[in-house]
Each structure stands twice: as structure tokens, then as C-alpha cells.
>>> print(open('start.txt').read())   # compact mmCIF, C-alpha atoms and all ligand atoms
# COMPACT_ATOMS: atom_id res chain seq x y z
CA MET A 1 61.80 57.85 165.77
CA THR A 2 58.94 59.90 164.50
CA ARG A 3 56.44 58.08 162.33
CA THR A 4 55.94 60.41 159.40
CA ASN A 5 53.34 60.71 156.67
CA LEU A 6 53.15 62.98 153.69
CA ILE A 7 49.58 64.14 153.05
CA THR A 8 49.42 65.37 149.48
CA GLY A 9 46.61 66.46 147.18
CA PHE A 10 45.81 69.27 144.81
CA LEU A 11 44.53 72.69 145.84
CA GLY A 12 41.46 72.35 148.03
CA SER A 13 41.21 68.56 147.90
CA GLY A 14 40.82 68.41 151.68
CA LYS A 15 44.30 67.97 153.14
CA THR A 16 43.91 70.36 156.08
CA THR A 17 40.37 69.11 156.76
CA SER A 18 41.71 65.57 156.86
CA ILE A 19 44.61 66.48 159.13
CA LEU A 20 42.18 68.17 161.53
CA HIS A 21 40.12 65.00 161.56
CA LEU A 22 43.15 62.82 162.20
CA LEU A 23 44.33 65.08 165.02
CA ALA A 24 40.92 64.96 166.64
CA ASN A 25 41.16 61.16 166.65
CA LYS A 26 44.78 60.62 167.55
CA PRO A 27 45.68 58.38 170.48
CA GLU A 28 45.47 60.64 173.51
CA HIS A 29 48.91 59.95 174.93
CA GLU A 30 50.73 60.65 171.64
CA LYS A 31 52.34 63.92 170.66
CA TRP A 32 51.76 64.84 167.02
CA ALA A 33 53.33 67.53 164.90
CA VAL A 34 52.25 69.12 161.64
CA LEU A 35 54.51 70.75 159.08
CA VAL A 36 52.50 72.77 156.62
CA ASN A 37 53.67 74.53 153.51
CA GLU A 38 51.50 76.93 151.57
CA PHE A 39 51.66 78.44 148.15
CA GLY A 40 50.72 81.91 149.30
CA GLU A 41 52.93 83.91 151.60
CA VAL A 42 50.34 84.96 154.08
CA GLY A 43 49.95 81.52 155.69
CA ILE A 44 46.39 80.52 156.58
CA ASP A 45 46.55 76.81 157.29
CA GLY A 46 48.52 77.50 160.45
CA ALA A 47 45.64 79.61 161.71
CA LEU A 48 43.19 76.89 160.66
CA LEU A 49 45.20 74.28 162.57
CA SER A 50 46.14 76.40 165.56
CA ASP A 51 43.50 74.97 167.90
CA SER A 52 44.23 71.38 167.01
CA GLY A 53 46.65 70.63 169.82
CA ALA A 54 49.51 69.67 167.50
CA LEU A 55 52.98 71.14 167.39
CA LEU A 56 52.83 73.30 164.33
CA LYS A 57 55.38 74.65 161.91
CA GLU A 58 54.42 76.73 158.90
CA ILE A 59 56.44 77.35 155.78
CA PRO A 60 54.48 79.80 153.65
CA GLY A 61 55.40 81.47 150.40
CA GLY A 62 55.95 78.91 147.72
CA CYS A 63 56.90 75.37 147.38
CA MET A 64 58.90 73.73 150.12
CA CYS A 65 60.43 71.19 147.83
CA CYS A 66 62.44 73.96 146.19
CA VAL A 67 65.00 76.53 147.25
CA ASN A 68 67.34 73.67 148.20
CA GLY A 69 64.59 72.69 150.57
CA LEU A 70 66.32 74.83 153.15
CA PRO A 71 63.35 76.39 154.94
CA MET A 72 61.76 72.98 154.98
CA GLN A 73 64.86 71.36 156.46
CA VAL A 74 65.16 73.96 159.17
CA GLY A 75 61.47 73.61 159.99
CA LEU A 76 61.73 69.86 160.01
CA ASN A 77 64.82 69.78 162.21
CA THR A 78 63.26 72.11 164.74
CA LEU A 79 60.12 70.02 164.94
CA LEU A 80 61.92 66.70 165.25
CA ARG A 81 64.66 67.69 167.68
CA GLN A 82 62.77 70.05 169.93
CA GLY A 83 59.35 68.49 169.75
CA LYS A 84 60.29 64.79 169.58
CA PRO A 85 56.79 64.02 168.32
CA ASP A 86 55.45 60.48 168.03
CA ARG A 87 54.01 61.34 164.65
CA LEU A 88 54.58 64.01 162.04
CA LEU A 89 52.10 64.89 159.30
CA ILE A 90 53.44 66.95 156.43
CA GLU A 91 51.06 68.96 154.27
CA PRO A 92 52.79 70.33 151.19
CA THR A 93 51.11 72.97 149.06
CA GLY A 94 48.56 71.65 146.60
CA LEU A 95 50.85 73.03 143.91
CA GLY A 96 53.89 71.26 145.26
CA HIS A 97 55.84 68.38 143.82
CA PRO A 98 56.25 65.32 146.03
CA LYS A 99 59.57 64.02 144.71
CA GLN A 100 61.97 66.41 146.41
CA ILE A 101 60.14 66.13 149.71
CA LEU A 102 60.20 62.34 149.62
CA ASP A 103 63.86 62.37 148.63
CA MET A 104 64.62 64.60 151.53
CA LEU A 105 62.65 62.56 154.05
CA THR A 106 64.53 59.43 153.01
CA ALA A 107 67.97 61.11 153.03
CA PRO A 108 70.57 59.50 155.31
CA VAL A 109 70.62 62.45 157.76
CA TYR A 110 67.01 61.78 158.68
CA GLU A 111 67.37 58.02 158.97
CA PRO A 112 67.72 58.06 162.76
CA TRP A 113 64.80 60.46 163.12
CA ILE A 114 62.13 59.64 160.57
CA ASP A 115 60.19 56.44 160.15
CA LEU A 116 58.49 57.17 156.83
CA ARG A 117 55.07 55.56 156.50
CA ALA A 118 52.39 55.67 153.82
CA THR A 119 51.99 58.73 151.63
CA LEU A 120 48.32 59.66 151.30
CA CYS A 121 46.94 61.63 148.40
CA LEU A 122 43.62 63.39 148.82
CA LEU A 123 41.66 63.62 145.60
CA ASP A 124 38.43 65.36 144.80
CA PRO A 125 37.43 63.05 141.91
CA ARG A 126 35.76 66.00 140.18
CA GLN A 127 39.29 67.30 139.60
CA LEU A 128 39.71 64.42 137.13
CA LEU A 129 37.15 66.24 134.96
CA ASP A 130 39.09 69.48 135.10
CA GLU A 131 41.64 70.05 132.33
CA LYS A 132 43.57 72.54 134.43
CA ALA A 133 44.20 69.96 137.11
CA LEU A 134 44.81 67.09 134.69
CA ASN A 135 47.41 69.07 132.79
CA ASN A 136 49.26 70.01 135.95
CA GLU A 137 52.30 67.79 136.46
CA ASN A 138 52.14 68.21 140.20
CA PHE A 139 48.57 66.95 140.28
CA ARG A 140 49.61 63.85 138.35
CA ASP A 141 52.78 63.22 140.31
CA GLN A 142 51.06 63.61 143.67
CA LEU A 143 48.73 60.81 142.64
CA ALA A 144 51.58 58.75 141.24
CA ALA A 145 53.62 59.03 144.44
CA ALA A 146 50.84 57.98 146.82
CA ASP A 147 50.51 54.67 148.64
CA ILE A 148 46.91 55.39 149.50
CA ILE A 149 44.48 57.41 147.42
CA VAL A 150 41.67 59.05 149.34
CA ALA A 151 38.71 59.87 147.11
CA ASN A 152 37.37 62.69 149.24
CA LYS A 153 34.23 64.83 148.93
CA GLN A 154 31.99 61.83 148.28
CA ASP A 155 29.04 64.06 149.14
CA ARG A 156 29.83 66.06 146.00
CA ALA A 157 30.38 63.08 143.72
CA VAL A 158 28.44 63.03 140.46
CA GLU A 159 28.13 60.23 137.95
CA GLU A 160 30.84 61.70 135.72
CA SER A 161 33.32 62.08 138.56
CA ILE A 162 32.69 58.55 139.83
CA GLU A 163 33.23 57.22 136.34
CA ALA A 164 36.34 59.33 135.80
CA PHE A 165 37.81 58.00 139.01
CA GLU A 166 37.06 54.37 138.07
CA GLN A 167 38.75 54.88 134.73
CA TRP A 168 41.71 56.57 136.32
CA TRP A 169 41.97 53.72 138.81
CA GLN A 170 41.95 51.10 136.03
CA LEU A 171 44.90 52.83 134.42
CA TYR A 172 46.95 53.99 137.37
CA GLY A 173 45.63 52.45 140.55
CA GLY A 174 47.78 49.33 140.58
CA ASP A 175 47.96 47.44 143.86
CA ARG A 176 47.50 50.53 145.96
CA GLN A 177 44.86 51.08 148.58
CA ARG A 178 41.92 53.36 147.86
CA ILE A 179 39.39 54.71 150.25
CA ASP A 180 36.32 56.91 149.93
CA ALA A 181 35.89 59.77 152.36
CA ARG A 182 33.83 62.78 153.30
CA GLN A 183 35.33 65.75 155.07
CA GLY A 184 38.68 63.98 155.09
CA ASN A 185 37.19 61.47 157.47
CA ILE A 186 39.71 58.64 157.31
CA PRO A 187 40.76 56.14 159.98
CA VAL A 188 43.90 57.02 161.94
CA GLU A 189 45.15 53.44 161.46
CA LEU A 190 45.73 54.16 157.76
CA LEU A 191 48.74 56.23 158.76
CA ASP A 192 50.64 53.18 159.90
CA ALA A 193 50.48 51.51 156.52
CA PRO A 194 53.97 51.13 155.06
CA ARG A 195 55.52 53.29 152.37
CA ARG A 196 55.74 50.84 149.48
CA ASN A 197 55.33 52.94 146.36
CA ARG A 198 58.46 52.57 144.26
CA ARG A 199 57.17 54.18 141.07
CA PRO A 200 59.94 56.32 139.65
CA LEU A 201 58.90 59.96 139.74
CA PRO A 202 60.13 62.44 137.18
CA GLU A 203 62.26 65.33 138.36
CA SER A 204 59.82 68.20 138.44
CA ALA A 205 60.14 70.73 135.69
CA ALA A 206 61.56 74.12 136.53
CA HIS A 207 59.64 75.79 139.29
CA HIS A 208 59.11 79.51 139.15
CA HIS A 209 60.22 81.32 142.22
CA SER A 210 59.01 84.69 143.23
CA ALA A 211 61.37 86.80 145.25
CA GLY A 212 59.28 86.30 148.36
CA GLU A 213 59.63 82.57 148.26
CA ARG A 214 63.13 82.55 149.61
CA LYS A 215 62.21 84.38 152.78
CA GLY A 216 59.76 81.88 154.05
CA LEU A 217 60.43 80.47 157.45
CA ALA A 218 57.53 82.04 159.25
CA ALA A 219 54.13 83.22 158.22
CA LEU A 220 54.16 86.81 157.10
CA SER A 221 53.50 89.33 159.83
CA LEU A 222 52.78 93.04 159.98
CA PRO A 223 55.41 95.63 160.82
CA GLU A 224 54.46 97.67 163.87
CA HIS A 225 52.04 100.56 163.30
CA GLN A 226 51.07 99.26 159.90
CA ARG A 227 47.40 98.42 159.69
CA TRP A 228 47.51 96.10 156.72
CA ARG A 229 49.63 94.83 153.89
CA ARG A 230 49.30 92.57 150.94
CA SER A 231 51.53 90.01 149.39
CA LEU A 232 51.64 88.41 145.98
CA ASN A 233 53.11 85.13 144.88
CA SER A 234 53.08 83.35 141.55
CA GLY A 235 54.31 80.15 139.98
CA GLN A 236 53.04 76.78 138.73
CA GLY A 237 50.59 78.65 136.51
CA HIS A 238 48.88 80.12 139.53
CA GLN A 239 48.81 83.43 141.32
CA ALA A 240 48.13 84.09 144.95
CA CYS A 241 47.26 87.34 146.64
CA GLY A 242 46.98 87.61 150.39
CA TRP A 243 46.28 90.35 152.89
CA ILE A 244 47.04 90.70 156.58
CA PHE A 245 45.28 93.20 158.83
CA ASP A 246 46.16 94.18 162.37
CA ALA A 247 44.34 92.79 165.40
CA GLU A 248 42.04 95.82 165.72
CA THR A 249 40.61 95.74 162.23
CA ARG A 250 37.17 94.18 162.17
CA PHE A 251 35.12 93.26 159.14
CA ASP A 252 31.46 93.28 158.30
CA THR A 253 30.51 89.63 158.69
CA ILE A 254 27.92 89.24 155.95
CA GLY A 255 29.79 91.46 153.52
CA LEU A 256 32.96 89.46 154.04
CA MET A 257 31.22 86.13 153.48
CA GLU A 258 29.73 87.45 150.26
CA TRP A 259 33.08 88.82 149.13
CA ALA A 260 34.68 85.42 149.71
CA ARG A 261 31.82 83.59 148.02
CA LEU A 262 31.84 85.73 144.90
CA ALA A 263 35.54 86.49 144.39
CA PRO A 264 36.33 85.25 140.85
CA VAL A 265 39.18 82.93 141.92
CA ASP A 266 39.70 79.19 142.45
CA ARG A 267 40.54 79.22 146.13
CA VAL A 268 39.83 81.43 149.16
CA LYS A 269 41.18 80.84 152.65
CA GLY A 270 41.04 83.18 155.58
CA VAL A 271 40.80 83.67 159.31
CA MET A 272 39.33 87.12 159.88
CA ARG A 273 38.20 89.28 162.76
CA ILE A 274 34.51 90.14 162.89
CA PRO A 275 32.44 91.80 165.65
CA GLU A 276 31.37 88.35 166.90
CA GLY A 277 34.97 87.08 167.18
CA LEU A 278 36.50 85.35 164.20
CA VAL A 279 35.33 83.72 161.01
CA ARG A 280 37.17 80.96 159.14
CA LEU A 281 36.48 81.07 155.43
CA ASN A 282 37.56 78.20 153.23
CA ARG A 283 36.38 77.97 149.63
CA GLN A 284 37.45 75.66 146.84
CA GLY A 285 35.47 76.35 143.67
CA GLN A 286 31.88 76.26 144.90
CA ASP A 287 32.64 74.31 148.10
CA PHE A 288 32.43 76.94 150.76
CA HIS A 289 32.97 76.25 154.43
CA ILE A 290 32.33 78.95 157.01
CA GLU A 291 32.92 78.67 160.73
CA THR A 292 32.69 81.35 163.38
CA GLN A 293 34.17 81.33 166.83
CA ASN A 294 33.68 83.63 169.74
CA VAL A 295 37.34 84.62 170.17
CA ALA A 296 39.40 87.35 168.53
CA PRO A 297 42.24 86.11 166.29
CA PRO A 298 45.76 87.60 166.68
CA ASP A 299 45.30 89.26 163.29
CA SER A 300 43.21 88.86 160.16
CA ARG A 301 44.59 87.07 157.14
CA ILE A 302 43.03 86.01 153.89
CA GLU A 303 44.38 84.60 150.68
CA LEU A 304 43.08 84.03 147.17
CA ILE A 305 44.57 81.68 144.59
CA THR A 306 43.68 81.52 140.93
CA ALA A 307 44.90 79.93 137.74
CA SER A 308 43.47 82.75 135.62
CA ASP A 309 44.01 86.47 135.84
CA ALA A 310 42.44 88.33 138.70
CA ASP A 311 42.02 92.03 139.32
CA TRP A 312 43.67 92.12 142.74
CA ASN A 313 43.21 95.89 143.06
CA ALA A 314 39.48 95.68 142.53
CA LEU A 315 39.22 92.81 145.01
CA GLN A 316 41.32 94.77 147.46
CA SER A 317 39.17 97.90 147.29
CA SER A 318 36.02 95.94 147.92
CA LEU A 319 37.70 94.13 150.82
CA LEU A 320 38.93 97.40 152.34
CA LYS A 321 35.40 98.80 152.20
CA LEU A 322 34.25 95.98 154.48
CA ARG A 323 36.35 97.25 157.40
CA LEU A 324 34.20 98.52 160.24
CA ASP A 325 36.74 100.74 161.95
N1 LIG B 401 31.57 69.20 150.39
C1 LIG B 401 32.74 68.85 150.92
N2 LIG B 401 33.65 69.80 151.19
C2 LIG B 401 34.81 69.41 151.72
C3 LIG B 401 35.12 68.05 152.00
N3 LIG B 401 36.38 67.99 152.49
C4 LIG B 401 36.85 69.26 152.51
N4 LIG B 401 35.91 70.12 152.05
C5 LIG B 401 35.99 71.57 151.87
O1 LIG B 401 36.93 71.83 150.80
C6 LIG B 401 37.62 73.05 151.03
C7 LIG B 401 39.12 72.81 151.03
O2 LIG B 401 39.50 71.99 152.11
P1 LIG B 401 40.97 72.03 152.74
O3 LIG B 401 41.03 70.93 153.73
O4 LIG B 401 41.30 73.40 153.22
O5 LIG B 401 41.84 71.69 151.45
P2 LIG B 401 43.43 71.67 151.24
O6 LIG B 401 43.74 72.87 150.43
O7 LIG B 401 43.69 70.40 150.51
O8 LIG B 401 44.07 71.69 152.60
C8 LIG B 401 37.12 73.57 152.37
O9 LIG B 401 36.07 74.49 152.12
C9 LIG B 401 36.58 72.31 153.05
O10 LIG B 401 35.58 72.61 154.00
C10 LIG B 401 34.12 67.05 151.71
O11 LIG B 401 34.28 65.85 151.90
N5 LIG B 401 32.96 67.53 151.18
MG MG B 402 45.49 73.07 153.35
>>> encode(input="start.txt", output="C-alpha cells")
Amino acid sequence: MTRTNLITGFLGSGKTTSILHLLANKPEHEKWAVLVNEFGEVGIDGALLSDSGALLKEIPGGCMCCVNGLPMQVGLNTLLRQGKPDRLLIEPTGLGHPKQILDMLTAPVYEPWIDLRATLCLLDPRQLLDEKALNNENFRDQLAAADIIVANKQDRAVEESIEAFEQWWQLYGGDRQRIDARQGNIPVELLDAPRRNRRPLPESAAHHHSAGERKGLAALSLPEHQRWRRSLNSGQGHQACGWIFDAETRFDTIGLMEWARLAPVDRVKGVMRIPEGLVRLNRQGQDFHIETQNVAPPDSRIELITASDADWNALQSSLLKLRLD
């Protein structure tokens, strides 16, 4: 049986960072798999996780708990039956609802396959000061469903966020485990804690589905001879816009970093080709992580997510101007 953990948390709380850390510290002889679902259709987390040595399955374009969970079930079956991993980590979108996923993982068909262990919820305690997050039912239910709450981004903690977390804990913590972390740096042993949380979770309110959402079994790709395309997705009070460019398109490194830093959106994720190789861009609010590597990626892909309105056309024209070729 595959020991399985759900790693939840709101947009940009550090789920992928934490999974990368866990993978880097996994027991050497074990085979691990990661199932990752993203809100946007372009699919960036797969590219962020591609060097991690795990079996990887991506389900982009919406919320995997919906659409009868079909893409998720197919992805899950493939991973479990073909990969026979010792452990499976599931990263749902930060805008996803945990109930349907947990229901599915505990369904009788998976009983012989899945040994469900603790559900971890990554939290950036500053999100407890943010009305947009607090009013989001998925944010609340992710926290409610967790066995272990990881208060991540301790390096960014301020007095108000520490206090907000303590107050939240008084009200909702219960007998659960909590742990402070930086860069998702949590001990691998946590994953073996049991799944004990029996809090009843509400059925999630109606999800909005964009047309694209039903396609999603694989990350979006480019038709042949097309140099780039863009893709929009919306729901849960958020909008995502992503672009994919072919392997030959290279971007001005500094210009691209500035574009990603200044784009008036909540979230930016990308793996892009630059003259030096590739750059990984990952921004949540003001937290901006940039990494370059001396290899060319198979294509360039970048995605923006925002809870307010964004002028995608204006952002697109400035992005297109950064192409070198
Ligand atoms: N300052 C700081 N940034 C972090 C920490 N953990 C993650 N990040 C950054 O937060 C952003 C979102 O992280 P990611 O793991 O992609 O979030 P996800 O959307 O939950 O998967 C990235 O820019 C990370 O580098 C942390 O402990 N401190
Ligand atoms: Mg992620």
C-alpha cells in the first residue's frame, strides 16, 4: 500500500517548496510520487518539481476535487498501479476544497491501495490578517481538515501575524499538532503521523467551472508551429492567465524578473527560457523567489493569478516585448 498524505494550504503558502524539501530528505531506497493539481491551466508546479526525482502527475486547469473527480482518479490510478510508490504526496490547488479529495482517498476502491496518513496544511500566518483569505471557504476548510498545521514563512512573521495565529489556534487548534517552519522545512517523519481529524467538513459551495477545466489531464502544450498561446481560467473569486512559449523563444532575463516582480497580481509562477538557460520565478505577494539553472527548459510557461481584475492584454504585450528572438 502507498502511504499517502494530502498537503494543503492556500495560494502561495509553501506547498511545493515543502514537497521539494521532503523529497530531498526522503529515505533513499523509497520511491515517492507526487500528484499536483493547479488552478491555472498552464501547469507550472510540474516544471518546478521535475528535477526532484519523484514520479510526477499533473492535473492543471481547475480544481481536482470537482468534475466528478475524474481527471484526478485517472491520474491517481495511473500513479498507484504503474508506479507502485512507497509514498504519495498530493498537492491540491490553493483554491481547492479538501473534502471531495479526502472522500475520494477514503473510498472503498482505494482501500487496498492507499494508506492515508496525516493531512498537512501549510499556512502563512500573515494570511490570517488578510480578509480575502479569511473570507474564502476553501482557506478555512483546508485548515479545518488538517491533522497538522505548519506555520510556514517564520522569517516573514510580524507581531500581528504571530498574534493572529495564536488567537486562531486558541479557537480552532484543538488537539492537533502545530509546527513552525521556514521554506517548508519540516521533518519527513511528520508524514507518518496518523490521519485522525474527524471534524465534519461542509460540502463545498458550488464551484465555478471554466470550459477548460474539463480537459485537464495533462499540462497544456503548444500545437506544432505555434510559437505561443495563452490560457485563461477563473473560479473561486480568482482569475488565472498563463502563457506557453515554444522551446526557441528566449526572454530578456532582467526584464522578465522585473515584469514578474511588478505585475499587479497576487501570484506569479513560471519556468522560462533565458540566454543563460532557465529561470524559475515564484512570487506570492511580495515574497519573490528566483532561481536560474544552466539548462534549457522544454518550453517556457508562466502563470499569473489574481483575486482582483487584471489587464491581461497589457501584461501580455509587455511580456511579448521581452522576447529576444
Ligand atoms: N520568505 C519565505 N518565502 C517562502 C517560504 N516558503 C515558501 N516561500 C516562497 O513563497 C512562494 C510560494 O511558494 P510555493 O511553495 O510555490 O507555494 P504553493 O503555492 O503553496 O505551492 C515562493 O516564492 C516560495 O519561494 C518561507 O518560509 N519564507
Ligand atoms: Mg504549488
>>> residues_near_ligand(input="start.txt", ligand="ligand LIG 401 (chain B)", cutoff="10 Å", atoms="all atoms listed in the file", output="VMD selection string")
chain A and resid 7 to 21 36 38 to 39 44 to 45 48 91 to 95 121 to 124 151 to 157 180 to 185 267 to 269 280 to 291
>>> atom_distance(input="start.txt", atom1="CA of Ala314 (chain A)", atom2="CA of Asp130 (chain A)")
27.2 Å
>>> closest_residue(input="start.txt", among="A:Ala107, A:Leu102, A:Leu70, A:Ala240", to="Ala307 (chain A)", atoms="all atoms listed in the file")
A:Ala240
>>> closest_residue(input="start.txt", among="A:Glu303, A:Ala260, A:Val188, A:Pro27", to="ligand MG 402 (chain B)", atoms="all atoms listed in the file")
A:Glu303
>>> closest_residue(input="start.txt", among="A:Val74, A:His238, A:Gly46, A:Thr119", to="Arg198 (chain A)", atoms="only C-alpha atoms")
A:Thr119
>>> closest_residue(input="start.txt", among="A:Lys132, A:Arg273, A:His97, A:Arg199", to="Arg301 (chain A)", atoms="all atoms listed in the file")
A:Arg273
>>> atom_distance(input="start.txt", atom1="CA of Gln167 (chain A)", atom2="CA of Ala144 (chain A)")
14.9 Å
>>> atom_distance(input="start.txt", atom1="CA of Ser231 (chain A)", atom2="CA of Gly40 (chain A)")
8.1 Å
>>> residues_around(input="start.txt", residues="Arg81 (chain A)", least_positions_apart="2", cutoff="12 Å", atoms="all atoms listed in the file", output="ChimeraX atom specification")
/A:1-2,33,73-79,83-86,110,112-114
>>> closest_residue(input="start.txt", among="A:Ala164, A:Gly43, A:Pro194, A:Asn5", to="Ile101 (chain A)", atoms="all atoms listed in the file")
A:Asn5
>>> closest_residue(input="start.txt", among="A:Gln316, A:Gly270, A:Asp175, A:Glu131", to="ligand MG 402 (chain B)", atoms="all atoms listed in the file")
A:Gly270
>>> residues_around(input="start.txt", residues="Gly173 (chain A)", least_positions_apart="2", cutoff="12 Å", atoms="all atoms listed in the file", output="PyMOL selection string")
chain A and resi 143-150+165-171+175-179+197+199
